[in-house]
>>> print(open('input.json').read())   # JSON, C-alpha atoms
[["chain", "number", "residue", "atom", "x", "y", "z"],
["A", 1, "MET", "CA", 119.28, 7.71, -47.84],
["A", 2, "VAL", "CA", 118.76, 5.90, -44.55],
["A", 3, "ALA", "CA", 120.43, 8.82, -42.75],
["A", 4, "VAL", "CA", 117.92, 11.26, -44.29],
["A", 5, "LEU", "CA", 114.97, 9.13, -43.17],
["A", 6, "VAL", "CA", 116.37, 8.95, -39.62],
["A", 7, "ALA", "CA", 116.86, 12.74, -39.57],
["A", 8, "VAL", "CA", 113.30, 13.38, -40.82],
["A", 9, "ALA", "CA", 111.87, 10.96, -38.23],
["A", 10, "ALA", "CA", 113.86, 12.66, -35.47],
["A", 11, "LEU", "CA", 112.67, 16.13, -36.52],
["A", 12, "ALA", "CA", 109.07, 14.97, -36.78],
["A", 13, "GLY", "CA", 109.15, 14.12, -33.10],
["A", 14, "CYS", "CA", 110.11, 17.72, -32.22],
["A", 15, "GLY", "CA", 107.20, 20.03, -31.68],
["A", 16, "ILE", "CA", 104.68, 21.16, -29.17],
["A", 17, "ALA", "CA", 103.10, 18.53, -27.03],
["A", 18, "ASP", "CA", 99.31, 18.45, -26.73],
["A", 19, "THR", "CA", 98.42, 19.91, -23.34],
["A", 20, "GLY", "CA", 94.64, 19.75, -23.57],
["A", 21, "VAL", "CA", 92.33, 22.51, -22.38],
["A", 22, "LEU", "CA", 93.75, 24.97, -19.87],
["A", 23, "PRO", "CA", 91.76, 27.56, -17.90],
["A", 24, "ALA", "CA", 92.23, 31.07, -19.31],
["A", 25, "GLY", "CA", 90.00, 33.28, -17.16],
["A", 26, "GLU", "CA", 86.80, 35.10, -18.00],
["A", 27, "PRO", "CA", 85.66, 35.77, -21.57],
["A", 28, "ALA", "CA", 86.71, 39.04, -23.18],
["A", 29, "ARG", "CA", 84.38, 42.00, -22.55],
["A", 30, "GLY", "CA", 83.68, 45.19, -24.44],
["A", 31, "GLY", "CA", 83.62, 45.50, -28.16],
["A", 32, "LEU", "CA", 81.68, 47.67, -30.56],
["A", 33, "THR", "CA", 78.21, 47.08, -29.23],
["A", 34, "THR", "CA", 76.34, 49.96, -27.60],
["A", 35, "ASP", "CA", 72.93, 50.10, -26.00],
["A", 36, "SER", "CA", 70.78, 51.52, -28.82],
["A", 37, "SER", "CA", 68.72, 53.50, -26.29],
["A", 38, "SER", "CA", 71.79, 55.71, -25.79],
["A", 39, "LEU", "CA", 71.99, 56.56, -29.49],
["A", 40, "LEU", "CA", 69.97, 58.63, -31.94],
["A", 41, "ARG", "CA", 69.65, 57.75, -35.61],
["A", 42, "VAL", "CA", 70.07, 60.66, -38.03],
["A", 43, "TYR", "CA", 69.83, 60.40, -41.83],
["A", 44, "PHE", "CA", 72.31, 62.04, -44.20],
["A", 45, "VAL", "CA", 72.77, 61.65, -47.95],
["A", 46, "THR", "CA", 75.08, 59.61, -50.17],
["A", 47, "PRO", "CA", 74.98, 59.38, -53.98],
["A", 48, "GLU", "CA", 72.75, 56.30, -53.51],
["A", 49, "GLY", "CA", 70.20, 57.95, -51.18],
["A", 50, "THR", "CA", 69.84, 58.42, -47.43],
["A", 51, "TRP", "CA", 72.18, 56.76, -44.94],
["A", 52, "PRO", "CA", 71.66, 56.51, -41.15],
["A", 53, "VAL", "CA", 74.37, 57.49, -38.68],
["A", 54, "SER", "CA", 74.39, 57.35, -34.90],
["A", 55, "ARG", "CA", 74.65, 60.24, -32.49],
["A", 56, "PRO", "CA", 74.81, 60.20, -28.69],
["A", 57, "ALA", "CA", 71.36, 60.68, -27.17],
["A", 58, "PRO", "CA", 71.39, 63.37, -24.50],
["A", 59, "ALA", "CA", 68.77, 63.21, -21.77],
["A", 60, "GLY", "CA", 65.43, 64.72, -22.65],
["A", 61, "ASP", "CA", 63.31, 64.78, -25.77],
["A", 62, "ARG", "CA", 64.93, 62.22, -28.11],
["A", 63, "LEU", "CA", 62.81, 63.28, -31.05],
["A", 64, "GLN", "CA", 63.78, 66.96, -30.85],
["A", 65, "HIS", "CA", 67.44, 66.06, -30.17],
["A", 66, "ALA", "CA", 67.44, 63.92, -33.33],
["A", 67, "MET", "CA", 66.07, 66.81, -35.40],
["A", 68, "ASP", "CA", 68.63, 69.21, -33.92],
["A", 69, "ALA", "CA", 71.45, 66.74, -34.71],
["A", 70, "LEU", "CA", 70.17, 66.46, -38.28],
["A", 71, "LEU", "CA", 70.25, 70.23, -38.75],
["A", 72, "ALA", "CA", 73.79, 70.35, -37.30],
["A", 73, "GLY", "CA", 74.85, 68.32, -40.33],
["A", 74, "PRO", "CA", 77.40, 65.54, -40.75],
["A", 75, "THR", "CA", 80.64, 65.56, -38.77],
["A", 76, "ALA", "CA", 83.98, 66.14, -40.49],
["A", 77, "ALA", "CA", 84.64, 62.37, -40.44],
["A", 78, "GLU", "CA", 81.22, 61.68, -42.01],
["A", 79, "ARG", "CA", 81.83, 64.33, -44.68],
["A", 80, "GLY", "CA", 85.16, 62.64, -45.34],
["A", 81, "ARG", "CA", 83.24, 59.41, -46.01],
["A", 82, "GLY", "CA", 80.99, 61.22, -48.49],
["A", 83, "LEU", "CA", 77.94, 61.99, -46.33],
["A", 84, "VAL", "CA", 76.23, 65.35, -46.91],
["A", 85, "THR", "CA", 72.95, 67.03, -46.08],
["A", 86, "GLU", "CA", 70.51, 68.35, -48.65],
["A", 87, "LEU", "CA", 68.74, 70.53, -46.09],
["A", 88, "PRO", "CA", 69.19, 74.26, -46.66],
["A", 89, "PRO", "CA", 70.16, 76.55, -43.79],
["A", 90, "ALA", "CA", 67.18, 77.20, -41.53],
["A", 91, "SER", "CA", 66.13, 80.54, -40.08],
["A", 92, "ARG", "CA", 64.18, 78.67, -37.42],
["A", 93, "ARG", "CA", 64.43, 75.31, -35.68],
["A", 94, "VAL", "CA", 62.61, 72.28, -37.07],
["A", 95, "ARG", "CA", 60.14, 71.45, -34.31],
["A", 96, "ALA", "CA", 59.07, 67.86, -33.68],
["A", 97, "ARG", "CA", 56.74, 66.30, -31.14],
["A", 98, "THR", "CA", 54.67, 63.17, -30.78],
["A", 99, "ALA", "CA", 50.89, 63.56, -30.77],
["A", 100, "GLY", "CA", 48.41, 60.68, -30.64],
["A", 101, "GLY", "CA", 50.75, 58.01, -32.02],
["A", 102, "ARG", "CA", 51.96, 60.31, -34.80],
["A", 103, "VAL", "CA", 54.80, 62.78, -35.10],
["A", 104, "GLU", "CA", 54.13, 66.43, -35.86],
["A", 105, "LEU", "CA", 57.04, 67.89, -37.80],
["A", 106, "ARG", "CA", 56.93, 71.68, -38.21],
["A", 107, "LEU", "CA", 59.31, 72.93, -40.89],
["A", 108, "PRO", "CA", 60.79, 76.38, -41.50],
["A", 109, "TRP", "CA", 60.72, 75.68, -45.29],
["A", 110, "LEU", "CA", 58.03, 74.93, -47.86],
["A", 111, "VAL", "CA", 58.14, 71.28, -48.93],
["A", 112, "ARG", "CA", 58.15, 72.32, -52.61],
["A", 113, "ASP", "CA", 61.47, 74.14, -52.00],
["A", 114, "LEU", "CA", 63.17, 70.95, -50.73],
["A", 115, "ARG", "CA", 64.66, 68.16, -52.80],
["A", 116, "PRO", "CA", 62.89, 64.80, -52.23],
["A", 117, "VAL", "CA", 66.00, 63.37, -50.53],
["A", 118, "ALA", "CA", 65.96, 66.30, -48.06],
["A", 119, "VAL", "CA", 62.35, 65.47, -47.18],
["A", 120, "SER", "CA", 63.46, 61.84, -46.69],
["A", 121, "GLN", "CA", 66.20, 63.01, -44.32],
["A", 122, "LEU", "CA", 63.64, 64.86, -42.20],
["A", 123, "VAL", "CA", 60.97, 62.14, -42.25],
["A", 124, "CYS", "CA", 63.30, 59.20, -41.55],
["A", 125, "THR", "CA", 65.13, 61.05, -38.77],
["A", 126, "ALA", "CA", 61.76, 61.94, -37.19],
["A", 127, "ALA", "CA", 60.55, 58.34, -37.47],
["A", 128, "ALA", "CA", 63.75, 57.03, -35.87],
["A", 129, "GLY", "CA", 63.62, 59.71, -33.17],
["A", 130, "ALA", "CA", 60.09, 58.59, -32.34],
["A", 131, "GLY", "CA", 61.35, 55.03, -31.85],
["A", 132, "ASP", "CA", 60.36, 53.57, -35.21],
["A", 133, "THR", "CA", 62.70, 51.41, -37.25],
["A", 134, "PRO", "CA", 62.21, 52.62, -40.82],
["A", 135, "GLY", "CA", 60.90, 49.81, -42.95],
["A", 136, "ALA", "CA", 59.58, 47.97, -39.92],
["A", 137, "ALA", "CA", 56.13, 47.70, -41.41],
["A", 138, "THR", "CA", 54.92, 47.47, -44.94],
["A", 139, "ASP", "CA", 51.81, 48.52, -46.81],
["A", 140, "ALA", "CA", 48.49, 46.99, -45.83],
["A", 141, "GLY", "CA", 48.29, 43.31, -46.64],
["A", 142, "ASP", "CA", 52.01, 42.63, -46.31],
["A", 143, "ALA", "CA", 53.62, 41.16, -43.22],
["A", 144, "PRO", "CA", 55.93, 43.44, -41.22],
["A", 145, "THR", "CA", 59.60, 42.89, -41.98],
["A", 146, "ALA", "CA", 60.76, 43.61, -38.42],
["A", 147, "PRO", "CA", 59.25, 44.57, -35.08],
["A", 148, "THR", "CA", 58.23, 48.20, -34.79],
["A", 149, "ALA", "CA", 58.23, 50.51, -31.83],
["A", 150, "ALA", "CA", 55.50, 52.70, -33.27],
["A", 151, "ALA", "CA", 52.86, 52.55, -30.56],
["A", 152, "GLY", "CA", 52.68, 48.77, -30.94],
["A", 153, "THR", "CA", 50.35, 49.12, -33.91],
["A", 154, "GLY", "CA", 52.45, 47.24, -36.45],
["A", 155, "ASP", "CA", 52.33, 50.32, -38.71],
["A", 156, "ALA", "CA", 55.28, 52.57, -39.46],
["A", 157, "THR", "CA", 55.11, 55.89, -37.66],
["A", 158, "VAL", "CA", 53.17, 58.52, -39.59],
["A", 159, "ILE", "CA", 54.95, 61.86, -39.77],
["A", 160, "GLU", "CA", 52.61, 64.83, -40.23],
["A", 161, "VAL", "CA", 54.63, 67.50, -42.02],
["A", 162, "PHE", "CA", 53.50, 71.09, -41.44],
["A", 163, "GLU", "CA", 54.82, 73.94, -43.57],
["A", 164, "PRO", "CA", 55.17, 77.52, -42.28],
["A", 165, "GLY", "CA", 51.76, 79.00, -41.51],
["A", 166, "MET", "CA", 50.00, 75.64, -41.89],
["A", 167, "THR", "CA", 47.68, 74.80, -39.00],
["A", 168, "ASP", "CA", 45.73, 71.89, -40.47],
["A", 169, "HIS", "CA", 45.90, 69.41, -43.35],
["A", 170, "PRO", "CA", 49.55, 68.36, -42.95],
["A", 171, "TRP", "CA", 51.37, 66.09, -45.39],
["A", 172, "PRO", "CA", 51.08, 62.54, -43.92],
["A", 173, "VAL", "CA", 54.22, 60.55, -44.78],
["A", 174, "ARG", "CA", 56.32, 57.72, -43.37],
["A", 175, "CYS", "CA", 59.83, 56.36, -43.85],
["A", 176, "ASP", "CA", 60.02, 53.19, -45.93],
["A", 177, "ALA", "CA", 62.62, 50.40, -45.78],
["A", 178, "SER", "CA", 64.84, 52.19, -48.30],
["A", 179, "GLY", "CA", 65.06, 55.35, -46.17],
["A", 180, "SER", "CA", 62.71, 57.36, -48.37],
["A", 181, "ALA", "CA", 59.69, 59.47, -47.44],
["A", 182, "VAL", "CA", 56.53, 57.95, -48.89],
["A", 183, "PRO", "CA", 52.86, 58.99, -48.62],
["A", 184, "ALA", "CA", 50.89, 57.61, -45.70],
["A", 185, "ALA", "CA", 47.15, 57.40, -45.23],
["A", 186, "PRO", "CA", 45.74, 60.62, -43.70],
["A", 187, "ALA", "CA", 44.41, 60.48, -40.14],
["A", 188, "GLY", "CA", 41.03, 58.84, -39.93],
["A", 189, "SER", "CA", 41.29, 56.94, -43.23],
["A", 190, "SER", "CA", 41.78, 53.22, -43.66]]
>>> encode(input="input.json", output="structure tokens")
Amino acid sequence: MVAVLVAVAALAGCGIADTGVLPAGEPARGGLTTDSSSLLRVYFVTPEGTWPVSRPAPAGDRLQHAMDALLAGPTAAERGRGLVTELPPASRRVRARTAGGRVELRLPWLVRDLRPVAVSQLVCTAAAGAGDTPGAATDAGDAPTAPTAAAGTGDATVIEVFEPGMTDHPWPVRCDASGSAVPAAPAGSS
């Protein structure tokens, strides 16, 4: 028994000696972070609703590039993860531009011919392309949930949806925190 105790004590002394802190060079660099100004946010559809994905942002009109990327549809890898688009094929380009703190979105389809989730794809992609973080502001009386880039107003970007042949009285909508298109107050109302 004494021999076992001596053997255990001898083995306990074997090991790695404490060396303290040693210099190891500079911290690791890189990783999965990317400057968000170099990315576009485009909304596709899952069984639960819309889902944002990132696309590289080419130089030029970010808003129009975002709409073009939306119409191009999900990549093969995104389709493999279950993302789809509910937008029908378009005979013309969806045109988007900022105007007076709002976004004008000119569609090649009638809104009544689109599923609600397809309208949400368009509206939320347009809001993100204009620099808004969907859900950044809430209805009047509530505090914003996050900073917004929408003209510094504290309101979510209003998207004015124009159907083919429509020159006035667009549909004013915005993207809410859930990634859904919701009615917005028309221009000039409070």
>>> closest_residue(input="input.json", among="A:Asp132, A:Glu48, A:Asp68, A:Asp61", to="A:Gly82", atoms="only C-alpha atoms")
A:Glu48
>>> closest_residue(input="input.json", among="A:Pro164, A:Pro58, A:Ala130, A:Cys175", to="A:Gly100", atoms="all atoms listed in the file")
A:Ala130
>>> atom_distance(input="input.json", atom1="atom CA of A:Arg97", atom2="atom CA of A:Ala184")
17.9 Å
>>> closest_residue(input="input.json", among="A:Arg62, A:Arg55, A:Arg93, A:Arg115", to="A:Thr75", atoms="all atoms listed in the file")
A:Arg55
>>> residues_around(input="input.json", residues="stretch 85-90 of chain A", least_positions_apart="6", cutoff="12 Å", atoms="all atoms listed in the file", output="VMD selection string")
chain A and resid 42 to 47 49 to 52 67 to 75 78 to 79 107 to 111 113 to 122
>>> atom_distance(input="input.json", atom1="atom CA of A:Ala177", atom2="atom CA of A:Arg92")
29.5 Å
>>> atom_distance(input="input.json", atom1="atom CA of A:Pro172", atom2="atom CA of A:Ala185")
6.6 Å
>>> closest_residue(input="input.json", among="A:Ala66, A:Val182, A:Leu83, A:Val94", to="A:Ser54", atoms="all atoms listed in the file")
A:Ala66
>>> residues_around(input="input.json", residues="A:His169", least_positions_apart="2", cutoff="12 Å", atoms="all atoms listed in the file", output="PyMOL selection string")
chain A and resi 104+160-163+165-167+171-172+186-187
>>> decode(input="input.json", residues="stretch 94-127 of chain A", atoms="N, CA and C atoms", output="short mmCIF file (atom, residue, chain, number, x, y, z; two decimals), in the first residue's frame")
data_model
loop_
_atom_site.label_atom_id
_atom_site.label_comp_id
_atom_site.auth_asym_id
_atom_site.auth_seq_id
_atom_site.Cartn_x
_atom_site.Cartn_y
_atom_site.Cartn_z
N VAL A 94 -38.56 46.56 -62.14
CA VAL A 94 -39.12 47.34 -61.03
C VAL A 94 -38.21 48.56 -60.90
N ARG A 95 -38.78 49.73 -60.96
CA ARG A 95 -37.98 50.96 -60.85
C ARG A 95 -38.15 51.55 -59.47
N ALA A 96 -37.04 51.97 -58.88
CA ALA A 96 -37.06 52.54 -57.53
C ALA A 96 -36.16 53.77 -57.49
N ARG A 97 -36.65 54.80 -56.80
CA ARG A 97 -35.83 56.00 -56.60
C ARG A 97 -36.30 56.70 -55.35
N THR A 98 -35.39 57.45 -54.73
CA THR A 98 -35.77 58.24 -53.57
C THR A 98 -36.29 59.59 -54.05
N ALA A 99 -37.27 60.10 -53.34
CA ALA A 99 -37.87 61.40 -53.69
C ALA A 99 -38.42 62.03 -52.42
N GLY A 100 -37.78 63.10 -51.97
CA GLY A 100 -38.28 63.84 -50.81
C GLY A 100 -38.40 63.03 -49.54
N GLY A 101 -37.41 62.19 -49.24
CA GLY A 101 -37.42 61.40 -48.02
C GLY A 101 -38.29 60.15 -48.11
N ARG A 102 -38.83 59.88 -49.27
CA ARG A 102 -39.65 58.69 -49.51
C ARG A 102 -39.02 57.91 -50.65
N VAL A 103 -39.51 56.71 -50.85
CA VAL A 103 -39.06 55.90 -51.98
C VAL A 103 -40.25 55.71 -52.91
N GLU A 104 -40.03 56.01 -54.19
CA GLU A 104 -41.03 55.71 -55.21
C GLU A 104 -40.69 54.35 -55.79
N LEU A 105 -41.64 53.45 -55.75
CA LEU A 105 -41.44 52.09 -56.25
C LEU A 105 -42.47 51.88 -57.36
N ARG A 106 -41.99 51.76 -58.59
CA ARG A 106 -42.88 51.60 -59.75
C ARG A 106 -42.83 50.14 -60.20
N LEU A 107 -44.00 49.50 -60.10
CA LEU A 107 -44.11 48.07 -60.34
C LEU A 107 -44.60 47.76 -61.76
N PRO A 108 -44.21 46.61 -62.30
CA PRO A 108 -44.77 46.16 -63.58
C PRO A 108 -46.04 45.32 -63.38
N TRP A 109 -46.47 45.10 -62.14
CA TRP A 109 -47.65 44.29 -61.82
C TRP A 109 -48.66 45.15 -61.07
N LEU A 110 -49.92 44.71 -61.07
CA LEU A 110 -50.93 45.30 -60.19
C LEU A 110 -50.76 44.68 -58.81
N VAL A 111 -50.90 45.48 -57.78
CA VAL A 111 -50.74 44.99 -56.41
C VAL A 111 -51.73 43.87 -56.12
N ARG A 112 -52.96 43.98 -56.63
CA ARG A 112 -53.97 42.95 -56.35
C ARG A 112 -53.58 41.59 -56.92
N ASP A 113 -52.66 41.56 -57.90
CA ASP A 113 -52.22 40.29 -58.50
C ASP A 113 -51.05 39.65 -57.74
N LEU A 114 -50.55 40.33 -56.70
CA LEU A 114 -49.42 39.83 -55.92
C LEU A 114 -49.90 39.28 -54.58
N ARG A 115 -49.25 38.24 -54.11
CA ARG A 115 -49.52 37.75 -52.76
C ARG A 115 -48.99 38.79 -51.77
N PRO A 116 -49.57 38.91 -50.58
CA PRO A 116 -49.08 39.87 -49.58
C PRO A 116 -47.59 39.71 -49.27
N VAL A 117 -47.09 38.47 -49.22
CA VAL A 117 -45.68 38.27 -48.92
C VAL A 117 -44.79 38.78 -50.06
N ALA A 118 -45.28 38.76 -51.29
CA ALA A 118 -44.52 39.32 -52.42
C ALA A 118 -44.42 40.84 -52.28
N VAL A 119 -45.52 41.47 -51.86
CA VAL A 119 -45.49 42.92 -51.62
C VAL A 119 -44.50 43.22 -50.50
N SER A 120 -44.48 42.39 -49.47
CA SER A 120 -43.52 42.58 -48.37
C SER A 120 -42.08 42.46 -48.87
N GLN A 121 -41.83 41.52 -49.77
CA GLN A 121 -40.48 41.40 -50.34
C GLN A 121 -40.07 42.70 -51.01
N LEU A 122 -40.95 43.26 -51.82
CA LEU A 122 -40.65 44.50 -52.54
C LEU A 122 -40.45 45.67 -51.58
N VAL A 123 -41.38 45.84 -50.65
CA VAL A 123 -41.35 46.99 -49.75
C VAL A 123 -40.14 46.93 -48.82
N CYS A 124 -39.87 45.77 -48.24
CA CYS A 124 -38.75 45.67 -47.29
C CYS A 124 -37.41 45.77 -48.00
N THR A 125 -37.30 45.24 -49.21
CA THR A 125 -36.06 45.40 -49.98
C THR A 125 -35.86 46.87 -50.34
N ALA A 126 -36.93 47.57 -50.73
CA ALA A 126 -36.83 48.99 -51.05
C ALA A 126 -36.43 49.80 -49.82
N ALA A 127 -37.03 49.50 -48.67
CA ALA A 127 -36.69 50.22 -47.44
C ALA A 127 -35.22 50.01 -47.09
#
